[in-house]
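Reading through the structure tokens given below for one structure.
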Amino acid sequence: MYKILEKEDYSDDTYMQVIEAPAVARAAKAGQFVIVRLHEEGERIPLTIADFDRDKGTVTIVVQAVGKTTRELQTYGVGDSIANLIGPLGVPSEIENFGTVICAGGGVGVAPVFPIARELKAAGNKVISIVAARTKSLILWEDRMREVSDEVIVTTDDGSYGRKCLVTEPLKELCEEGGVDLVYAIGPAIMMKFCCKTTEPFGVKTVVSLNSIMVDGTGMCGACRVAVDGETKFVCVDGPEFDGHAVDFDLLMSRQRQYLEQEKIAYDYYLECRGDKACLT
Amino acid sequence: MSDVSKNNSGGGKELSKKERMAIPRTPIPEQDPHERAKNFDEVALGYSDEQAITEATRCLQCKKPKCVGGCPVGIDIPAFIDAIAHGDPAGAIAKLKEKTSFPAVCGRVCPQEEQCEQVCIVGKKHEPVAIGRLERYAADWEAKQGKAGKPEIAPSKGKRVGVVGSGPAGLTCAGELAKMGYEVVIYEALHKPGGVLTYGIPEFRLPKEIVFRECEYVESLGVEIKTDYVIGKTMTIDDMLANGHDAVFIANGAGLPVFMNIPGENLNGVFSANEFLTRANLMKAFKFPEYDTPIKVGKKVAVIGGGNVAMDAARTALRLGADVHMIYRRSREEMPARDEEIHHAEEEGIQFHLLNNPVQIIGDNDGWVEEIECIQMELGEPDESGRRRPVPVEGSEYRIPVDVVIMAIGTRSNPVLTQATPDLELNKWGNIVADPETLATSMEGVFAGGDIVTGAATVILAMGAGKTGARSIDRYLRGLPLKPEAEAETAEQASA
């Protein structure tokens, strides 16, 4: 069992949890993910590591509640435990001194960008971060990003906070100004797709972190396969980070929708039963 | 019980060889095919005491039995069968456990028809003795008694061994080492132990209750099983050696699914057999939504392949309500699956499209599978495997409308551990190179066995490797040469 030591709700459906997992924390590196399973009946879902503390033996996750499991996990508070937390999985981010790096995070995607930005900064890069969300209440970790960035640009789609624009607008401006050596873009697939479309004409390498459906997360099932440069790759063992200009985002998004119908059934069932065994017929 | 092996008569009455041979092979009661096609309960129900004794009586108790040599772990088959014939299942289980730790598993999933039963002397003229079914009978008898008998455990040797993977090779190795007095920790990547026995082989062929009972048995010997531990990620082999493990046995299996690399393979509705079976078995998706993990079954499913995994996937899809079509590029004769499995699949209503090979999968506008295009094949000259090579018949392409395709064409070695262990020598397929006799790898104190060394093989071969690994690790930790012959030579030299 893995105990939740801290929990904070950022909005109705975004939240942060600090979970006790010493072995995972000891090995964790920026860019990796964990697989979480809540209880005996639970499914295994991948969540990117937003932060880790090797001394305290903790791993931090920031989650957007979209399906049954992520909504149920939101009901877990301090002192509660989840059944399984497996990791750190995937290939860590490649960190070196590239020069100037833009770290763009969309929505909860800001959280996994954070440890990468921190490492890049420590490696001597100039880090310009873009913290983007639909609306002000969904902006998160702006303060943490400021700590590890030379410059932070905040954007909201509705203009309720920061600049009123999409993440791609400042990204394009920075590319036009020149001198950008690398871009990290992490967030919803559609946001990563358009970030890559923005940077492609400038020939600026853009790394994305893909969030595909997984079961085991260790290369065993192939549920997470994506096409990169026309070749099939497994996000769990070959990624989760890839050169965004080579990723087939349309395929990724199509595959992400594979269980939408069942996800709805699972969520409705959960709402109806709330873990009440008596309702199992 | 002690005089069981000395007494050569069967069932308490003296029967001549001829009389024994005249007894027909006892069929094993099975669930009705129509009934079982709708449930996940075990297909074969097991012998009653009476049936077991009758079947055991068919054994000729050969002076020079062939069956023992046909068993990868060398079980004294005539002796355990003789005990059953004398109504002494306890004696039978004791005999079995001298060589195999998991008779309930082996009795169910070993390909006996290619091993012990293939060489059975009764089988030369008649049907061979049902050795596997008798093994299962003895194991199930023990389970019914409650607690399993615990073997003697040697005093602590004060050394610690790490085992990677809790499949058949890892469990066997750990159990053997624990009995020798070593402290053993198994590191399992998934959240449940058992490896392929848990995530791969379906409930209707090997109930998980049996697998977990075998895991508990290994734990009862003092072995600790740490789940959620991915060696190569959570901890590396180097970390293990640097942090209190005196030796390591790697048995992480061959768990990376192979795809055909044909167009349309990444469409929604195309799954590896590993994914389909893991969802159903490990995650219990057949109980969705009581269990959270969904599974996409479809109305009409194509399963590609002809091995046991393909049969397992097909029969699982069938039980989940699909109309199942198996597509295999060779003929039935070349199918690598066990005869029994093919027979069961046919009985349950799975349709076989033999000498057919998929060339592409066609999707609809939303990215879902709609059809599979196959080409007919004919058998040409034998290839390197000795089987006749299938050759496409030009212009014979046709399409089958399906909404799910399951690829069951094999697995490769999983790279997670090996990529994190650069000192480990691999072959060109990414399997770990290990001495065939000792299972020693290129790293000092590190041994490897099972599918990660051989490529996907059988449960019993993996168990055999687990035993060999344990013997080598014991010799290594006692400072002896790994090969007993080498030791004899050294002793000779020393005395000379």
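We name chains A, B, ... following the order of the structure tokens; residues begin at 1 in each chain, and ligands are numbered from 1 as shown.
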
* **Close residues, Gly31 in chain A itself excluded, 12 Å, only C-alpha atoms, min 2 positions apart in chain, as number ranges by chain** => A: 28-29, 33-34, 47-52, 87-95, 109, 111-120, 184-186, 207-211, 236, 239-242

* To do: Just the helix (DSSP H, G or I) stuff from range 388-440 of chain B, please, per backbone DSSP, written as a PyMOL selection string.
  => chain B and resi 415-419

What would the file look like if the residues just selected were written as a PDB file, in the first residue's frame with N, CA, C and O atoms?
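Once everything was written out, this is result11.pdb:
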ATOM      1  N   PRO B 415      12.840  -5.525 -23.203  1.00  0.00           N
ATOM      2  CA  PRO B 415      14.119  -4.827 -23.111  1.00  0.00           C
ATOM      3  C   PRO B 415      14.332  -4.049 -21.819  1.00  0.00           C
ATOM      4  O   PRO B 415      15.418  -3.528 -21.587  1.00  0.00           O
ATOM      5  N   VAL B 416      13.314  -3.949 -20.957  1.00  0.00           N
ATOM      6  CA  VAL B 416      13.424  -3.047 -19.799  1.00  0.00           C
ATOM      7  C   VAL B 416      14.622  -3.396 -18.911  1.00  0.00           C
ATOM      8  O   VAL B 416      15.419  -2.538 -18.552  1.00  0.00           O
ATOM      9  N   LEU B 417      14.771  -4.664 -18.596  1.00  0.00           N
ATOM     10  CA  LEU B 417      15.868  -5.058 -17.710  1.00  0.00           C
ATOM     11  C   LEU B 417      17.209  -5.043 -18.451  1.00  0.00           C
ATOM     12  O   LEU B 417      18.196  -4.517 -17.952  1.00  0.00           O
ATOM     13  N   THR B 418      17.213  -5.620 -19.640  1.00  0.00           N
ATOM     14  CA  THR B 418      18.496  -5.790 -20.331  1.00  0.00           C
ATOM     15  C   THR B 418      19.100  -4.443 -20.746  1.00  0.00           C
ATOM     16  O   THR B 418      20.314  -4.269 -20.683  1.00  0.00           O
ATOM     17  N   GLN B 419      18.244  -3.488 -21.140  1.00  0.00           N
ATOM     18  CA  GLN B 419      18.785  -2.175 -21.513  1.00  0.00           C
ATOM     19  C   GLN B 419      19.436  -1.474 -20.324  1.00  0.00           C
ATOM     20  O   GLN B 419      20.361  -0.682 -20.489  1.00  0.00           O
TER      21      GLN B 419
END

Report as a tab-separated table: every residue of chain B with an atom at most 10 Å from chain A, its closest pair of atoms, and their distance in Å to one decimal, counting only C-alpha atoms, with rows sorted by chain and ascending residue number.
residue	atom	partner	partner_atom	distance
B:Ala189	CA	A:Ile86	CA	7.7
B:Leu190	CA	A:Asp216	CA	7.1
B:His191	CA	A:Asn84	CA	6.7
B:Thr227	CA	A:Asn84	CA	8.8
B:Asp228	CA	A:Ile86	CA	5.1
B:Tyr229	CA	A:Ile86	CA	6.8
B:Val230	CA	A:Gly87	CA	6.9
B:Ile231	CA	A:Gly87	CA	9.7
B:Gly232	CA	A:Leu89	CA	9.4
B:Lys233	CA	A:Pro88	CA	6.0
B:Thr234	CA	A:Val24	CA	5.7
B:Met235	CA	A:Ala27	CA	7.0
B:Thr236	CA	A:Ala27	CA	9.4
B:Ala254	CA	A:Met220	CA	8.7
B:Gly255	CA	A:Met220	CA	5.0
B:Leu256	CA	A:Met220	CA	4.8
B:Pro257	CA	A:Met220	CA	6.4
B:Val258	CA	A:Gly222	CA	8.9
B:Phe259	CA	A:Gly222	CA	9.2
B:Asn261	CA	A:Thr232	CA	8.3
B:Glu265	CA	A:Thr232	CA	9.3
B:Asn266	CA	A:Arg225	CA	7.3
B:Leu267	CA	A:Arg255	CA	7.5
B:Asn268	CA	A:Arg255	CA	6.0
B:Gly269	CA	A:Gln258	CA	7.8
B:Val270	CA	A:Ala223	CA	9.1
B:Phe271	CA	A:Ala223	CA	7.0
B:Ser272	CA	A:Cys221	CA	6.4
B:Ala273	CA	A:Cys221	CA	7.9
B:Asn274	CA	A:Cys221	CA	5.1
B:Glu275	CA	A:Cys221	CA	4.3
B:Phe276	CA	A:Cys221	CA	8.0
B:Leu277	CA	A:Cys221	CA	9.0
B:Thr278	CA	A:Cys221	CA	7.5
B:Arg279	CA	A:Val215	CA	7.6
B:Leu282	CA	A:Asp216	CA	9.9
B:Met283	CA	A:Glu43	CA	6.8
B:Lys284	CA	A:Glu41	CA	8.1
B:Ala285	CA	A:Glu43	CA	9.1
B:Lys287	CA	A:Glu41	CA	9.4
B:Phe288	CA	A:Ala266	CA	7.8
B:Pro289	CA	A:Ala266	CA	5.5
B:Glu290	CA	A:Glu41	CA	7.0
B:Tyr291	CA	A:Glu41	CA	4.5
B:Asp292	CA	A:Glu43	CA	5.2
B:Thr293	CA	A:Glu43	CA	4.8
B:Pro294	CA	A:Gln262	CA	6.1
B:Ile295	CA	A:Tyr259	CA	8.2
B:Lys296	CA	A:Tyr259	CA	7.7
B:Asp366	CA	A:Ser254	CA	7.5
B:Gly367	CA	A:Ser254	CA	6.5
B:Trp368	CA	A:Gln258	CA	8.6
B:Thr411	CA	A:Met220	CA	9.0
B:Arg412	CA	A:Met220	CA	9.7
B:Ser413	CA	A:Met220	CA	9.6
B:Asn414	CA	A:Gly219	CA	6.7
B:Pro415	CA	A:Gly219	CA	8.0
B:Val416	CA	A:Val237	CA	7.0
B:Leu417	CA	A:Thr218	CA	9.9

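Here the residues within range 173-216 of chain B that DSSP labels strand (DSSP E) on the basis of the backbone are B:Glu183, B:Val184, B:Val185, B:Ile186, B:Tyr187.
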
Would you mind exporting N, CA and C atoms of the selected residues as a short mmCIF file (atom, residue, chain, number, x, y, z; two decimals), in the first residue's frame?
data_model
loop_
_atom_site.label_atom_id
_atom_site.label_comp_id
_atom_site.auth_asym_id
_atom_site.auth_seq_id
_atom_site.Cartn_x
_atom_site.Cartn_y
_atom_site.Cartn_z
N GLU B 183 18.15 -16.95 1.99
CA GLU B 183 17.12 -15.93 2.12
C GLU B 183 16.83 -15.47 0.69
N VAL B 184 15.58 -15.54 0.26
CA VAL B 184 15.26 -15.23 -1.13
C VAL B 184 14.18 -14.15 -1.23
N VAL B 185 14.43 -13.17 -2.08
CA VAL B 185 13.42 -12.16 -2.37
C VAL B 185 13.12 -12.22 -3.87
N ILE B 186 11.83 -12.35 -4.21
CA ILE B 186 11.42 -12.28 -5.61
C ILE B 186 10.92 -10.87 -5.90
N TYR B 187 11.39 -10.29 -7.00
CA TYR B 187 10.91 -8.97 -7.42
C TYR B 187 10.01 -9.15 -8.63
#

* **Coordinates-based distance that separates CA of Leu73 in chain A from CA of Leu38 in chain A (Å, one decimal)** =>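 CA of Leu38 in chain A sits 7.2 Å away from CA of Leu73 in chain A.
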
* Asked: Which of these, B:Thr172, B:Asp238, B:Ala448, B:Asn308, has the shortest distance to Thr421 in chain B once you count only C-alpha atoms?
  ->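 Closest candidate: B:Asp238.
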
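Here CA of Val248 in chain B stands at a distance of 4.8 Å from CA of Gly162 in chain B.
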
* At what distance in Å, to one decimal, does CA of Pro193 in chain B lie from CA of Asn39 in chain B? -> 24.1 Å

* Pick out the residues sitting within 7 Å of Val119 in chain B, and hand them over as a VMD selection string; count only C-alpha atoms, and ignore anything fewer than 6 positions along from it in its own chain. => chain B and resid 66 to 67 70

* To do: Compile the contact shell of range 134-138 of chain B as a PyMOL selection string: residues with an atom at most 10 Å away, counting only C-alpha atoms, same-chain residues fewer than 2 positions apart removed.
  => chain B and resi 45-49+51-53+55-56+77+80-81+83-84+88-94+96+102-109+129-132+140-143

Could you turn the residues from that selection into a file that holds N, CA and C atoms, as an mmCIF file, in the first residue's frame?
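Wrote it out as result-v5.cif, contents follow:
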data_model
loop_
_atom_site.group_PDB
_atom_site.id
_atom_site.type_symbol
_atom_site.label_atom_id
_atom_site.label_comp_id
_atom_site.auth_asym_id
_atom_site.auth_seq_id
_atom_site.Cartn_x
_atom_site.Cartn_y
_atom_site.Cartn_z
ATOM 1 N N LEU B 45 -12.517 -31.225 -15.530
ATOM 2 C CA LEU B 45 -12.967 -31.237 -14.141
ATOM 3 C C LEU B 45 -12.111 -32.119 -13.230
ATOM 4 N N GLY B 46 -11.253 -32.932 -13.803
ATOM 5 C CA GLY B 46 -10.387 -33.754 -12.952
ATOM 6 C C GLY B 46 -10.989 -35.135 -12.688
ATOM 7 N N TYR B 47 -10.084 -36.096 -12.385
ATOM 8 C CA TYR B 47 -10.508 -37.470 -12.117
ATOM 9 C C TYR B 47 -11.096 -37.599 -10.719
ATOM 10 N N SER B 48 -12.037 -38.510 -10.602
ATOM 11 C CA SER B 48 -12.464 -38.940 -9.259
ATOM 12 C C SER B 48 -11.400 -39.928 -8.759
ATOM 13 N N ASP B 49 -11.487 -40.301 -7.474
ATOM 14 C CA ASP B 49 -10.523 -41.270 -6.922
ATOM 15 C C ASP B 49 -10.543 -42.553 -7.753
ATOM 16 N N GLN B 51 -11.615 -43.086 -10.876
ATOM 17 C CA GLN B 51 -11.064 -42.910 -12.227
ATOM 18 C C GLN B 51 -9.539 -42.861 -12.188
ATOM 19 N N ALA B 52 -9.023 -42.181 -11.177
ATOM 20 C CA ALA B 52 -7.564 -42.052 -11.073
ATOM 21 C C ALA B 52 -6.925 -43.420 -10.855
ATOM 22 N N ILE B 53 -7.529 -44.211 -9.979
ATOM 23 C CA ILE B 53 -6.961 -45.545 -9.697
ATOM 24 C C ILE B 53 -7.013 -46.416 -10.962
ATOM 25 N N GLU B 55 -7.028 -45.399 -14.080
ATOM 26 C CA GLU B 55 -6.041 -44.914 -15.049
ATOM 27 C C GLU B 55 -4.633 -45.293 -14.589
ATOM 28 N N ALA B 56 -4.375 -45.174 -13.302
ATOM 29 C CA ALA B 56 -3.043 -45.495 -12.770
ATOM 30 C C ALA B 56 -2.716 -46.965 -12.979
ATOM 31 N N ILE B 77 7.950 -40.943 -12.646
ATOM 32 C CA ILE B 77 6.544 -41.097 -13.033
ATOM 33 C C ILE B 77 5.949 -42.439 -12.607
ATOM 34 N N PHE B 80 5.082 -42.347 -8.816
ATOM 35 C CA PHE B 80 3.918 -41.579 -8.329
ATOM 36 C C PHE B 80 2.616 -42.210 -8.809
ATOM 37 N N ILE B 81 2.667 -42.801 -10.009
ATOM 38 C CA ILE B 81 1.455 -43.449 -10.526
ATOM 39 C C ILE B 81 1.137 -44.709 -9.715
ATOM 40 N N ALA B 83 1.722 -45.146 -6.618
ATOM 41 C CA ALA B 83 1.110 -44.722 -5.350
ATOM 42 C C ALA B 83 -0.379 -44.448 -5.556
ATOM 43 N N ILE B 84 -0.716 -43.795 -6.662
ATOM 44 C CA ILE B 84 -2.140 -43.526 -6.943
ATOM 45 C C ILE B 84 -2.892 -44.846 -7.113
ATOM 46 N N ASP B 88 -2.959 -44.217 -2.660
ATOM 47 C CA ASP B 88 -2.105 -43.433 -1.758
ATOM 48 C C ASP B 88 -1.714 -42.103 -2.423
ATOM 49 N N PRO B 89 -2.674 -41.194 -2.594
ATOM 50 C CA PRO B 89 -2.334 -39.925 -3.239
ATOM 51 C C PRO B 89 -1.275 -39.135 -2.472
ATOM 52 N N ALA B 90 -1.227 -39.312 -1.150
ATOM 53 C CA ALA B 90 -0.210 -38.596 -0.371
ATOM 54 C C ALA B 90 1.182 -39.039 -0.794
ATOM 55 N N GLY B 91 1.312 -40.354 -1.012
ATOM 56 C CA GLY B 91 2.596 -40.880 -1.474
ATOM 57 C C GLY B 91 2.926 -40.356 -2.854
ATOM 58 N N ALA B 92 1.878 -40.231 -3.690
ATOM 59 C CA ALA B 92 2.083 -39.733 -5.051
ATOM 60 C C ALA B 92 2.582 -38.296 -5.021
ATOM 61 N N ILE B 93 1.954 -37.487 -4.198
ATOM 62 C CA ILE B 93 2.325 -36.066 -4.169
ATOM 63 C C ILE B 93 3.747 -35.903 -3.627
ATOM 64 N N ALA B 94 4.106 -36.747 -2.673
ATOM 65 C CA ALA B 94 5.467 -36.679 -2.128
ATOM 66 C C ALA B 94 6.487 -36.997 -3.220
ATOM 67 N N LEU B 96 6.028 -36.671 -6.496
ATOM 68 C CA LEU B 96 6.014 -35.575 -7.471
ATOM 69 C C LEU B 96 6.854 -34.401 -6.978
ATOM 70 N N PHE B 102 5.320 -27.493 -8.520
ATOM 71 C CA PHE B 102 3.976 -27.048 -8.866
ATOM 72 C C PHE B 102 3.197 -28.077 -9.698
ATOM 73 N N PRO B 103 2.947 -29.256 -9.122
ATOM 74 C CA PRO B 103 2.263 -30.291 -9.899
ATOM 75 C C PRO B 103 0.856 -29.873 -10.357
ATOM 76 N N ALA B 104 0.167 -29.033 -9.587
ATOM 77 C CA ALA B 104 -1.190 -28.636 -9.979
ATOM 78 C C ALA B 104 -1.144 -27.822 -11.271
ATOM 79 N N VAL B 105 -0.044 -27.077 -11.450
ATOM 80 C CA VAL B 105 0.120 -26.276 -12.668
ATOM 81 C C VAL B 105 0.578 -27.184 -13.811
ATOM 82 N N CYS B 106 1.631 -27.971 -13.556
ATOM 83 C CA CYS B 106 2.180 -28.832 -14.609
ATOM 84 C C CYS B 106 1.140 -29.833 -15.098
ATOM 85 N N GLY B 107 0.374 -30.407 -14.190
ATOM 86 C CA GLY B 107 -0.638 -31.383 -14.562
ATOM 87 C C GLY B 107 -1.660 -30.805 -15.527
ATOM 88 N N ARG B 108 -1.810 -29.495 -15.477
ATOM 89 C CA ARG B 108 -2.785 -28.832 -16.346
ATOM 90 C C ARG B 108 -2.201 -28.296 -17.639
ATOM 91 N N VAL B 109 -1.026 -27.672 -17.574
ATOM 92 C CA VAL B 109 -0.563 -26.949 -18.765
ATOM 93 C C VAL B 109 0.665 -27.535 -19.467
ATOM 94 N N VAL B 129 -0.609 -43.761 -21.051
ATOM 95 C CA VAL B 129 -1.167 -43.489 -19.723
ATOM 96 C C VAL B 129 -1.336 -41.970 -19.587
ATOM 97 N N ALA B 130 -2.448 -41.537 -19.002
ATOM 98 C CA ALA B 130 -2.729 -40.097 -18.865
ATOM 99 C C ALA B 130 -1.935 -39.529 -17.689
ATOM 100 N N ILE B 131 -0.641 -39.374 -17.917
ATOM 101 C CA ILE B 131 0.272 -38.987 -16.835
ATOM 102 C C ILE B 131 -0.083 -37.605 -16.283
ATOM 103 N N GLY B 132 -0.363 -36.671 -17.203
ATOM 104 C CA GLY B 132 -0.689 -35.309 -16.783
ATOM 105 C C GLY B 132 -1.930 -35.263 -15.916
ATOM 106 N N ASP B 140 -4.475 -31.931 -6.879
ATOM 107 C CA ASP B 140 -5.781 -31.447 -6.420
ATOM 108 C C ASP B 140 -6.210 -32.144 -5.130
ATOM 109 N N TRP B 141 -5.815 -33.394 -5.023
ATOM 110 C CA TRP B 141 -6.109 -34.118 -3.785
ATOM 111 C C TRP B 141 -5.439 -33.408 -2.599
ATOM 112 N N GLU B 142 -4.186 -33.036 -2.806
ATOM 113 C CA GLU B 142 -3.448 -32.354 -1.732
ATOM 114 C C GLU B 142 -4.114 -31.036 -1.363
ATOM 115 N N ALA B 143 -4.521 -30.270 -2.420
ATOM 116 C CA ALA B 143 -5.149 -28.978 -2.164
ATOM 117 C C ALA B 143 -6.415 -29.155 -1.329
#

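Shortest separation to Lys124 in chain B among B:Val73, B:Asp451, B:Met21, B:Val163 occurs at residue B:Met21, atoms counted being only C-alpha atoms.
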
* **Neighbour list for Leu138 in chain A as a VMD selection string, cut-off 10 Å, only C-alpha atoms, skip fewer than 4 positions in-chain** => chain A and resid 10 to 14 64 106 to 108 132 to 134 156

Output of the above residues as a compact mmCIF listing (two decimals), in the first residue's frame, restricted to N, CA and C atoms:
# COMPACT_ATOMS: atom_id res chain seq x y z
N TYR A 10 -6.83 21.63 -6.75
CA TYR A 10 -6.56 22.89 -7.45
C TYR A 10 -7.85 23.45 -8.06
N SER A 11 -8.75 22.59 -8.40
CA SER A 11 -10.05 23.02 -8.94
C SER A 11 -10.99 21.85 -8.72
N ASP A 12 -12.19 21.93 -9.24
CA ASP A 12 -13.14 20.83 -9.06
C ASP A 12 -12.60 19.51 -9.60
N ASP A 13 -11.78 19.62 -10.64
CA ASP A 13 -11.31 18.36 -11.21
C ASP A 13 -9.80 18.31 -11.46
N THR A 14 -9.05 19.15 -10.82
CA THR A 14 -7.58 18.96 -10.84
C THR A 14 -7.08 18.93 -9.40
N GLN A 64 -5.72 15.40 -13.64
CA GLN A 64 -7.00 15.95 -14.06
C GLN A 64 -8.00 14.81 -14.07
N GLY A 106 0.49 22.73 -20.89
CA GLY A 106 -0.92 23.05 -21.04
C GLY A 106 -1.74 22.34 -19.99
N GLY A 107 -2.51 23.10 -19.20
CA GLY A 107 -3.36 22.50 -18.16
C GLY A 107 -2.51 21.75 -17.15
N VAL A 108 -2.91 20.50 -16.81
CA VAL A 108 -2.12 19.73 -15.85
C VAL A 108 -0.76 19.33 -16.44
N ALA A 132 0.05 27.50 -19.58
CA ALA A 132 -1.19 27.77 -20.30
C ALA A 132 -2.35 26.96 -19.76
N ALA A 133 -3.54 27.54 -19.85
CA ALA A 133 -4.76 26.81 -19.46
C ALA A 133 -5.96 27.48 -20.11
N ARG A 134 -7.11 26.81 -20.01
CA ARG A 134 -8.32 27.37 -20.61
C ARG A 134 -8.73 28.64 -19.88
N THR A 156 -4.22 32.32 -20.99
CA THR A 156 -5.50 31.61 -20.83
C THR A 156 -6.31 31.82 -22.10

* To do: Please provide as a ChimeraX atom specification all residues within 10 Å of Phe204 in chain B, with the sequence filter that same-chain residues fewer than 5 positions apart are discarded (counting only C-alpha atoms).
  => /B:36-37,39-44,312,315-316,319

Residue selection dump (N, CA and C atoms) as a compact mmCIF listing (two decimals), in the first residue's frame:
# COMPACT_ATOMS: atom_id res chain seq x y z
N ARG B 36 -19.63 -24.42 -21.32
CA ARG B 36 -18.38 -23.76 -20.93
C ARG B 36 -18.04 -22.59 -21.83
N ALA B 37 -18.60 -22.57 -23.07
CA ALA B 37 -18.32 -21.44 -23.97
C ALA B 37 -18.88 -20.14 -23.39
N ASN B 39 -18.78 -19.55 -19.88
CA ASN B 39 -18.25 -19.24 -18.55
C ASN B 39 -16.73 -19.38 -18.52
N PHE B 40 -16.13 -18.92 -17.43
CA PHE B 40 -14.68 -18.95 -17.30
C PHE B 40 -14.23 -20.05 -16.33
N ASP B 41 -15.15 -20.96 -15.99
CA ASP B 41 -14.77 -22.05 -15.11
C ASP B 41 -13.89 -23.05 -15.85
N GLU B 42 -13.16 -23.84 -15.09
CA GLU B 42 -12.22 -24.75 -15.70
C GLU B 42 -12.93 -25.74 -16.62
N VAL B 43 -12.28 -26.01 -17.76
CA VAL B 43 -12.86 -26.90 -18.76
C VAL B 43 -12.82 -28.35 -18.27
N ALA B 44 -11.62 -28.79 -17.90
CA ALA B 44 -11.45 -30.17 -17.44
C ALA B 44 -11.73 -30.22 -15.94
N ASP B 312 -5.77 -19.47 -26.42
CA ASP B 312 -6.24 -18.84 -25.18
C ASP B 312 -7.01 -17.56 -25.50
N ARG B 315 -10.39 -18.42 -27.26
CA ARG B 315 -11.40 -19.01 -26.37
C ARG B 315 -11.88 -18.01 -25.32
N THR B 316 -11.00 -17.04 -24.98
CA THR B 316 -11.42 -15.96 -24.07
C THR B 316 -12.44 -15.07 -24.79
N ARG B 319 -15.78 -16.69 -24.98
CA ARG B 319 -16.50 -16.66 -23.70
C ARG B 319 -17.07 -15.28 -23.41

* Closest to Arg71 in chain A among A:Ala30, A:Arg144, A:Tyr15, A:Val110, using only C-alpha atoms? ->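 So, comparing all the options, the nearest one is A:Tyr15.
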
* Asked: With only C-alpha atoms as the basis for distance, which of A:Asp243, A:Asp53, A:Glu96, A:Glu72 is at the shortest distance from Lys193 in chain A?
  ->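 Closest candidate: A:Asp243.
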
Tell me, as a tab-separated table (two decimals) with all heavy atoms, in the first residue's frame, which residues lie within 7 Å of Met335 in chain B, counting only C-alpha atoms; anything in the same chain fewer than 4 positions away does not count.
chain	number	residue	atom	x	y	z
B	306	GLY	N	-1.39	-19.61	-34.36
B	306	GLY	CA	-1.83	-20.99	-34.18
B	306	GLY	C	-1.21	-21.65	-32.96
B	306	GLY	O	-1.20	-22.87	-32.84
B	307	GLY	N	-0.72	-20.84	-32.04
B	307	GLY	CA	-0.09	-21.39	-30.84
B	307	GLY	C	-1.07	-21.43	-29.67
B	307	GLY	O	-2.25	-21.09	-29.81
B	331	SER	N	-0.96	-25.29	-42.06
B	331	SER	CA	-2.12	-26.18	-41.92
B	331	SER	C	-2.22	-26.64	-40.47
B	331	SER	O	-1.35	-26.37	-39.65
B	331	SER	CB	-1.97	-27.37	-42.85
B	331	SER	OG	-0.93	-28.20	-42.40
